[in-house]
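Pasting my_file_5.csv here (CSV, C-alpha atoms):
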chain,number,residue,atom,x,y,z
A,968,MET,CA,0.0,0.0,0.0
A,969,ILE,CA,2.8,2.4,1.0
A,970,LEU,CA,4.5,1.5,-2.3
A,971,PHE,CA,1.4,2.5,-4.3
A,972,ARG,CA,1.1,5.7,-2.4
A,973,PHE,CA,4.7,6.5,-3.0
A,974,ILE,CA,4.2,5.8,-6.8
A,975,ASP,CA,1.1,8.1,-6.6
A,976,LYS,CA,3.3,11.0,-5.3
A,977,VAL,CA,5.8,10.4,-8.2
A,978,SER,CA,3.1,9.8,-10.9
A,979,PRO,CA,-0.3,11.1,-9.8
A,980,PRO,CA,-3.3,8.8,-10.7
A,981,LYS,CA,-6.2,10.0,-12.8
A,982,TYR,CA,-9.5,10.8,-11.3
A,983,ALA,CA,-12.4,8.3,-11.6
A,984,TYR,CA,-15.7,10.0,-11.1
A,985,ALA,CA,-18.4,8.2,-9.2
A,986,HIS,CA,-20.8,10.6,-11.0
A,987,CYS,CA,-23.4,11.9,-8.6
A,988,ASP,CA,-26.2,14.1,-9.9
A,989,VAL,CA,-24.0,17.2,-9.9
A,990,PRO,CA,-24.1,18.1,-13.6
A,991,CYS,CA,-20.8,16.6,-14.9
A,992,GLY,CA,-21.9,16.6,-18.6
A,993,ILE,CA,-22.5,12.9,-18.9
A,994,TYR,CA,-25.9,12.0,-20.5
A,995,ASP,CA,-27.1,9.3,-22.8
A,996,PRO,CA,-30.6,8.8,-24.3
A,997,ARG,CA,-30.0,5.1,-24.8
A,998,SER,CA,-31.5,4.3,-21.4
A,999,ALA,CA,-34.7,6.0,-22.3
A,1000,GLN,CA,-34.7,4.2,-25.7
A,1001,ILE,CA,-34.2,0.8,-24.1
A,1002,ALA,CA,-37.1,1.5,-21.7
A,1003,ALA,CA,-39.4,2.5,-24.5
A,1004,GLU,CA,-38.4,-0.6,-26.5
A,1005,THR,CA,-39.2,-2.7,-23.4
A,1006,VAL,CA,-42.7,-1.1,-23.2
A,1007,VAL,CA,-43.3,-2.1,-26.9
A,1008,LYS,CA,-42.2,-5.7,-26.2
A,1009,MET,CA,-44.4,-6.0,-23.1
A,1010,VAL,CA,-47.5,-4.8,-25.0
A,1011,GLU,CA,-46.6,-7.3,-27.7
A,1012,LYS,CA,-46.6,-10.1,-25.2
A,1013,MET,CA,-49.8,-8.9,-23.5
A,1014,GLU,CA,-51.7,-8.7,-26.8
A,1015,THR,CA,-50.7,-12.2,-27.9
A,1016,LEU,CA,-52.1,-14.0,-24.9
A,1017,PRO,CA,-55.0,-16.4,-25.6
A,1018,ASP,CA,-58.7,-15.5,-24.8
A,1019,LYS,CA,-58.8,-18.3,-22.3
A,1020,PRO,CA,-55.5,-17.9,-20.4
A,1021,SER,CA,-54.0,-20.6,-18.4
A,1022,ILE,CA,-52.4,-20.0,-15.0
A,1023,ALA,CA,-49.1,-19.6,-16.7
A,1024,ASP,CA,-50.6,-17.1,-19.2
A,1025,ARG,CA,-52.0,-15.0,-16.3
A,1026,ASN,CA,-48.7,-15.1,-14.6
A,1027,LEU,CA,-47.0,-13.9,-17.7
A,1028,PHE,CA,-49.6,-11.1,-18.1
A,1029,ILE,CA,-49.0,-9.9,-14.6
A,1030,ARG,CA,-45.3,-9.9,-15.0
A,1031,ALA,CA,-45.5,-8.1,-18.3
A,1032,THR,CA,-47.8,-5.5,-16.7
A,1033,LEU,CA,-45.3,-4.9,-13.9
A,1034,THR,CA,-42.4,-4.7,-16.4
A,1035,LYS,CA,-44.3,-2.3,-18.6
A,1036,GLU,CA,-45.2,-0.1,-15.6
A,1037,GLU,CA,-41.5,0.0,-14.4
A,1038,HIS,CA,-40.1,0.8,-17.8
A,1039,ALA,CA,-42.6,3.5,-18.7
A,1040,ARG,CA,-41.7,5.1,-15.3
A,1041,LYS,CA,-38.0,4.7,-16.0
A,1042,CYS,CA,-38.5,6.2,-19.5
A,1043,LYS,CA,-40.2,9.2,-18.0
A,1044,GLU,CA,-37.4,9.6,-15.4
A,1045,GLU,CA,-34.6,9.4,-18.1
A,1046,LEU,CA,-36.5,11.9,-20.3
A,1047,LEU,CA,-36.8,14.3,-17.4
A,1048,ILE,CA,-33.1,14.2,-16.7
A,1049,LEU,CA,-32.3,14.9,-20.4
A,1050,TRP,CA,-34.9,17.7,-20.6
A,1051,THR,CA,-33.9,19.5,-17.4
A,1052,ASP,CA,-30.2,18.8,-17.2
A,1053,PHE,CA,-28.8,18.3,-20.7
A,1054,PHE,CA,-30.8,20.6,-22.9
A,1055,LYS,CA,-30.1,24.3,-22.4
A,1056,ILE,CA,-31.8,27.5,-23.4
A,1057,GLU,CA,-29.6,27.8,-26.5
A,1058,HIS,CA,-31.0,24.5,-27.8
A,1059,LEU,CA,-34.4,26.1,-28.2
A,1060,GLU,CA,-33.1,27.9,-31.2
A,1061,MET,CA,-31.9,24.6,-32.7
A,1062,PHE,CA,-35.1,22.8,-31.7
A,1063,PRO,CA,-38.1,25.2,-31.4
A,1064,LYS,CA,-40.4,22.3,-30.5
A,1065,LEU,CA,-38.1,20.9,-27.8
A,1066,HIS,CA,-40.4,21.5,-24.8
A,1067,GLU,CA,-43.5,20.2,-26.7
A,1068,THR,CA,-41.6,17.1,-27.9
A,1069,PHE,CA,-40.6,16.3,-24.3
A,1070,TRP,CA,-44.0,17.1,-22.9
A,1071,LYS,CA,-45.7,14.8,-25.4
A,1072,ALA,CA,-43.2,12.0,-24.7
A,1073,ALA,CA,-43.8,12.3,-21.0
A,1074,LYS,CA,-47.5,12.1,-21.6
A,1075,LEU,CA,-47.0,9.0,-23.7
A,1076,CYS,CA,-45.1,7.4,-20.8
A,1077,SER,CA,-48.2,7.9,-18.6
A,1078,LYS,CA,-50.5,6.6,-21.3
A,1079,ASN,CA,-48.5,3.5,-21.6
A,1080,LYS,CA,-48.8,2.8,-17.9
A,1081,GLN,CA,-52.5,3.3,-18.0
A,1082,GLU,CA,-53.2,1.2,-21.2
A,1083,VAL,CA,-52.3,-1.8,-23.1
A,1084,ASN,CA,-52.1,-0.1,-26.4
A,1085,MET,CA,-49.6,-0.9,-29.2
A,1086,GLU,CA,-50.2,2.4,-31.0
A,1087,ALA,CA,-49.3,4.3,-27.8
A,1088,ALA,CA,-46.3,2.1,-27.3
A,1089,GLN,CA,-45.0,2.7,-30.8
A,1090,SER,CA,-45.7,6.4,-30.5
A,1091,LEU,CA,-43.6,6.5,-27.3
A,1092,LYS,CA,-40.7,4.7,-29.0
A,1093,LYS,CA,-40.9,7.1,-32.0
A,1094,ALA,CA,-41.0,10.1,-29.6
A,1095,VAL,CA,-37.9,8.9,-27.7
A,1096,ASP,CA,-36.0,8.2,-30.9
A,1097,GLU,CA,-36.8,11.7,-32.0
A,1098,ILE,CA,-35.4,13.0,-28.7
A,1099,ALA,CA,-32.3,10.9,-29.2
A,1100,GLN,CA,-31.8,12.5,-32.6
A,1101,MET,CA,-32.1,15.9,-31.1
A,1102,PHE,CA,-29.6,14.9,-28.4
A,1103,ALA,CA,-27.1,13.7,-31.1
A,1104,LYS,CA,-27.4,16.9,-33.0
A,1105,ALA,CA,-27.0,19.0,-29.9
A,1106,LYS,CA,-23.9,17.1,-28.9
A,1107,ALA,CA,-22.4,17.3,-32.4
A,1108,ALA,CA,-23.0,21.1,-32.3
A,1109,LYS,CA,-20.9,21.5,-29.0
B,834,MET,CA,-3.8,-5.2,-30.9
B,835,ILE,CA,-3.3,-2.4,-28.4
B,836,PHE,CA,-1.4,-3.4,-25.3
B,837,LYS,CA,-3.4,-2.8,-22.1
B,838,PHE,CA,-1.4,-2.4,-18.9
B,839,PRO,CA,-2.5,-5.0,-16.3
B,840,ILE,CA,-3.1,-2.4,-13.5
B,841,SER,CA,-4.1,1.2,-13.2
B,842,ARG,CA,-4.4,3.7,-10.4
B,843,PHE,CA,-7.2,6.1,-9.8
B,844,ILE,CA,-8.5,8.6,-7.1
B,845,ILE,CA,-12.2,8.5,-6.5
B,846,ARG,CA,-14.1,11.8,-7.0
B,847,ASP,CA,-17.7,12.4,-5.9
B,848,ARG,CA,-19.8,10.4,-3.4
B,849,SER,CA,-22.0,8.1,-5.6
B,850,MET,CA,-20.1,5.0,-4.7
B,851,GLU,CA,-20.4,5.3,-0.9
B,852,PRO,CA,-20.3,3.5,1.4
B,853,TYR,CA,-17.6,1.3,-0.3
B,854,PHE,CA,-15.6,4.2,-1.9
B,855,HIS,CA,-15.4,7.7,-0.7
B,856,GLU,CA,-14.1,10.9,-2.2
B,857,GLY,CA,-10.3,10.8,-2.2
B,858,ASP,CA,-9.9,7.0,-1.9
B,859,HIS,CA,-7.0,5.6,-4.0
B,860,VAL,CA,-7.9,2.5,-5.9
B,861,LEU,CA,-6.2,-0.1,-8.1
B,862,THR,CA,-7.8,-1.8,-11.1
B,863,PHE,CA,-6.9,-5.1,-12.7
B,864,ASN,CA,-7.4,-4.7,-16.5
B,865,TRP,CA,-6.8,-8.1,-17.9
B,866,LYS,CA,-9.9,-10.0,-16.7
B,867,LYS,CA,-13.4,-9.5,-18.0
B,868,PRO,CA,-15.6,-8.1,-15.2
B,869,THR,CA,-19.0,-9.5,-14.3
B,870,VAL,CA,-22.2,-8.5,-12.5
B,871,GLY,CA,-21.4,-7.1,-9.1
B,872,ASP,CA,-17.9,-5.9,-9.9
B,873,VAL,CA,-17.0,-2.3,-9.5
B,874,ILE,CA,-15.3,-1.1,-12.7
B,875,VAL,CA,-13.6,2.0,-14.0
B,876,PHE,CA,-14.5,2.9,-17.6
B,877,ARG,CA,-14.0,5.7,-20.0
B,878,HIS,CA,-17.0,7.6,-21.2
B,879,ASP,CA,-17.1,10.9,-23.1
B,880,GLY,CA,-13.6,11.7,-22.2
B,881,LEU,CA,-13.9,11.0,-18.4
B,882,TYR,CA,-13.1,8.0,-16.3
B,883,LEU,CA,-16.1,6.9,-14.3
B,884,VAL,CA,-16.4,4.3,-11.5
B,885,LYS,CA,-19.6,2.3,-11.1
B,886,ARG,CA,-20.9,-1.1,-10.2
B,887,ILE,CA,-22.1,-3.5,-13.0
B,888,LYS,CA,-25.8,-4.4,-12.4
B,889,LYS,CA,-26.6,-6.2,-15.7
B,890,VAL,CA,-24.9,-7.6,-18.8
B,891,SER,CA,-26.6,-7.7,-22.1
B,892,ALA,CA,-25.6,-8.0,-25.7
B,893,GLY,CA,-22.1,-6.6,-25.4
B,894,LYS,CA,-23.1,-3.9,-22.9
B,895,TYR,CA,-23.0,-3.3,-19.2
B,896,TYR,CA,-25.7,-1.5,-17.2
B,897,VAL,CA,-23.9,0.3,-14.4
B,898,GLU,CA,-25.1,2.2,-11.3
B,899,GLY,CA,-23.7,4.1,-8.3
B,900,ASP,CA,-24.1,2.3,-5.0
B,901,ASN,CA,-25.3,5.4,-3.2
B,902,ARG,CA,-28.9,5.5,-4.5
B,903,ALA,CA,-29.7,8.7,-2.6
B,904,LEU,CA,-27.1,10.6,-4.7
B,905,SER,CA,-27.0,8.5,-7.9
B,906,SER,CA,-30.5,8.2,-9.1
B,907,LYS,CA,-29.7,7.0,-12.6
B,908,GLY,CA,-27.7,4.2,-14.1
B,909,MET,CA,-26.5,3.9,-17.7
B,910,TRP,CA,-25.6,1.4,-20.4
B,911,MET,CA,-22.1,1.4,-21.6
B,912,ASN,CA,-20.0,-0.7,-24.1
B,913,LYS,CA,-17.7,-3.4,-22.9
B,914,GLY,CA,-14.9,-1.9,-24.9
B,915,GLU,CA,-15.0,1.2,-22.7
B,916,VAL,CA,-13.9,-0.8,-19.6
B,917,THR,CA,-10.5,0.1,-18.2
B,918,GLY,CA,-10.6,-2.5,-15.4
B,919,LYS,CA,-12.1,-4.0,-12.3
B,920,VAL,CA,-11.4,-2.3,-9.0
B,921,ILE,CA,-9.5,-4.8,-6.9
B,922,LEU,CA,-7.9,-2.7,-4.1
B,923,LYS,CA,-8.4,0.4,-2.1
B,924,TYR,CA,-5.2,1.7,-0.6

Write out the structure in this file as structure tokens.
Amino acid sequence: MILFRFIDKVSPPKYAYAHCDVPCGIYDPRSAQIAAETVVKMVEKMETLPDKPSIADRNLFIRATLTKEEHARKCKEELLILWTDFFKIEHLEMFPKLHETFWKAAKLCSKNKQEVNMEAAQSLKKAVDEIAQMFAKAKAAK
Amino acid sequence: MIFKFPISRFIIRDRSMEPYFHEGDHVLTFNWKKPTVGDVIVFRHDGLYLVKRIKKVSAGKYYVEGDNRALSSKGMWMNKGEVTGKVILKY
């Protein structure tokens, strides 16, 4: 240990950030995209269950419902972080409909919690992909 | 093939890995073994070295989170290729 500390004095180590919620410039829309894709998958599973479900089918339905709920919530959470922490006032010039896009996507997260609706699930995925594209353009412009 | 040094030294910044790692801790990573779920890793992302714990592995990516859930509310997916090494020692 003493040896490593001596080496650190001669050749200082790099910093490894534990990354708390202090804005340190690290964002990624991929988590929101994965959450939205999961919502689509769960709706797919729920819509293909038979009319007379077995115990196993009902178990699957319940689990899919819980997973849909969790990932719609997570999607909203990730979108909120991007909206409030990553995008700045100057991005409004690049994306005049930025607030509306995020607001609609957040509304779709709620709708997908409330309903089993493939159209709503696909709309959420599309909205999140649109936000990911805005994110990529904003990053490229930095 | 780029040579990867077997060990690396880092100093922890921020508090999102408490209680196991605190601000100012010196850590050593071992870089030659593939990490797995539960391991604390240092990885490079957007020009910074980050330290997090692996929670899930899927399709060539790791999902990582901070241990201090009160301070680190969000995790992230990162590529396996971004891993520097697994934290093996605090000194």

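Taking atom CA of Lys1080 of chain A and atom CA of Leu1046 of chain A as endpoints, the distance between them is 15.5 Å.
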
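Using only C-alpha atoms, one finds that the residues of chain B close to chain A, at 6 Å or less, are Arg842, Phe843, Ile844, Ile845, Arg846, Asp847, Ser849, Met850, Tyr882, Leu883, Val884, Leu904, Ser905 and Tyr924 of chain B.
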
### One-decimal distance in Å that lies between atom CA of Tyr896 of chain B and atom CA of Ser841 of chain B
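Straight-line distance from atom CA of Ser841 of chain B to atom CA of Tyr896 of chain B works out to 22.1 Å.
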
### Query
Closest to Lys885 of chain B among B:Leu861, B:His855, B:Gly908, B:Val873, using all atoms listed in the file?
B:Val873

### Task
Check the smallest atom-to-atom distance from each of A:Gln1081, A:Thr1032, A:Gln1100, A:Ser1090 to Glu1014 of chain A using all atoms listed in the file, then report the winner.
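Using all atoms listed in the file, Glu1014 of chain A sits closest to A:Thr1032.
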
### Summary
What separates atom CA of Ala1031 of chain A and atom CA of Val1010 of chain A is a distance of 7.7 Å

Please, can segment 850-878 of chain B be completed to N, CA and C atoms and returned as a short mmCIF file (atom, residue, chain, number, x, y, z; two decimals), in the coordinates of the input?
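Writing done, so here's result_29.cif:
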data_model
loop_
_atom_site.label_atom_id
_atom_site.label_comp_id
_atom_site.auth_asym_id
_atom_site.auth_seq_id
_atom_site.Cartn_x
_atom_site.Cartn_y
_atom_site.Cartn_z
N MET B 850 -20.47 6.35 -4.95
CA MET B 850 -20.10 5.00 -4.70
C MET B 850 -19.98 4.66 -3.22
N GLU B 851 -20.45 5.60 -2.38
CA GLU B 851 -20.40 5.30 -0.90
C GLU B 851 -21.43 4.23 -0.62
N PRO B 852 -21.26 3.38 0.37
CA PRO B 852 -20.30 3.50 1.40
C PRO B 852 -18.93 2.79 1.11
N TYR B 853 -18.82 2.10 -0.05
CA TYR B 853 -17.60 1.30 -0.30
C TYR B 853 -16.41 2.20 -0.68
N PHE B 854 -16.72 3.26 -1.46
CA PHE B 854 -15.60 4.20 -1.90
C PHE B 854 -16.05 5.59 -1.63
N HIS B 855 -15.09 6.31 -1.07
CA HIS B 855 -15.40 7.70 -0.70
C HIS B 855 -14.48 8.63 -1.53
N GLU B 856 -14.89 9.87 -1.55
CA GLU B 856 -14.10 10.90 -2.20
C GLU B 856 -12.68 10.88 -1.68
N GLY B 857 -11.73 10.81 -2.59
CA GLY B 857 -10.30 10.80 -2.20
C GLY B 857 -9.70 9.43 -2.01
N ASP B 858 -10.49 8.36 -2.05
CA ASP B 858 -9.90 7.00 -1.90
C ASP B 858 -9.02 6.75 -3.16
N HIS B 859 -7.90 6.06 -2.92
CA HIS B 859 -7.00 5.60 -4.00
C HIS B 859 -7.38 4.17 -4.31
N VAL B 860 -7.57 3.84 -5.56
CA VAL B 860 -7.90 2.50 -5.90
C VAL B 860 -7.05 1.95 -7.05
N LEU B 861 -6.95 0.62 -7.07
CA LEU B 861 -6.20 -0.10 -8.10
C LEU B 861 -7.14 -0.90 -8.93
N THR B 862 -6.98 -0.89 -10.25
CA THR B 862 -7.80 -1.80 -11.10
C THR B 862 -6.94 -2.83 -11.73
N PHE B 863 -7.56 -4.00 -11.94
CA PHE B 863 -6.90 -5.10 -12.70
C PHE B 863 -7.58 -5.07 -14.08
N ASN B 864 -6.82 -4.94 -15.14
CA ASN B 864 -7.40 -4.70 -16.50
C ASN B 864 -7.40 -5.83 -17.43
N TRP B 865 -6.92 -6.99 -17.00
CA TRP B 865 -6.80 -8.10 -17.90
C TRP B 865 -7.89 -9.14 -17.81
N LYS B 866 -8.80 -8.97 -16.88
CA LYS B 866 -9.90 -10.00 -16.70
C LYS B 866 -11.21 -9.33 -17.01
N LYS B 867 -12.09 -10.07 -17.70
CA LYS B 867 -13.40 -9.50 -18.00
C LYS B 867 -14.24 -9.41 -16.76
N PRO B 868 -14.77 -8.23 -16.45
CA PRO B 868 -15.60 -8.10 -15.20
C PRO B 868 -16.96 -8.70 -15.40
N THR B 869 -17.64 -8.87 -14.28
CA THR B 869 -19.00 -9.50 -14.30
C THR B 869 -19.91 -8.73 -13.39
N VAL B 870 -21.16 -9.18 -13.34
CA VAL B 870 -22.20 -8.50 -12.50
C VAL B 870 -21.71 -8.48 -11.05
N GLY B 871 -21.85 -7.29 -10.45
CA GLY B 871 -21.40 -7.10 -9.10
C GLY B 871 -20.06 -6.47 -8.93
N ASP B 872 -19.27 -6.52 -9.99
CA ASP B 872 -17.90 -5.90 -9.90
C ASP B 872 -18.04 -4.40 -10.04
N VAL B 873 -17.11 -3.73 -9.35
CA VAL B 873 -17.00 -2.30 -9.50
C VAL B 873 -15.91 -2.06 -10.59
N ILE B 874 -16.24 -1.26 -11.56
CA ILE B 874 -15.30 -1.10 -12.70
C ILE B 874 -15.03 0.42 -12.89
N VAL B 875 -13.87 0.68 -13.49
CA VAL B 875 -13.60 2.00 -14.00
C VAL B 875 -13.69 1.92 -15.52
N PHE B 876 -14.39 2.86 -16.12
CA PHE B 876 -14.50 2.90 -17.60
C PHE B 876 -14.44 4.30 -18.08
N ARG B 877 -14.15 4.39 -19.38
CA ARG B 877 -14.00 5.70 -20.00
C ARG B 877 -15.24 6.04 -20.79
N HIS B 878 -15.81 7.20 -20.53
CA HIS B 878 -17.00 7.60 -21.20
C HIS B 878 -17.01 9.10 -21.46
#
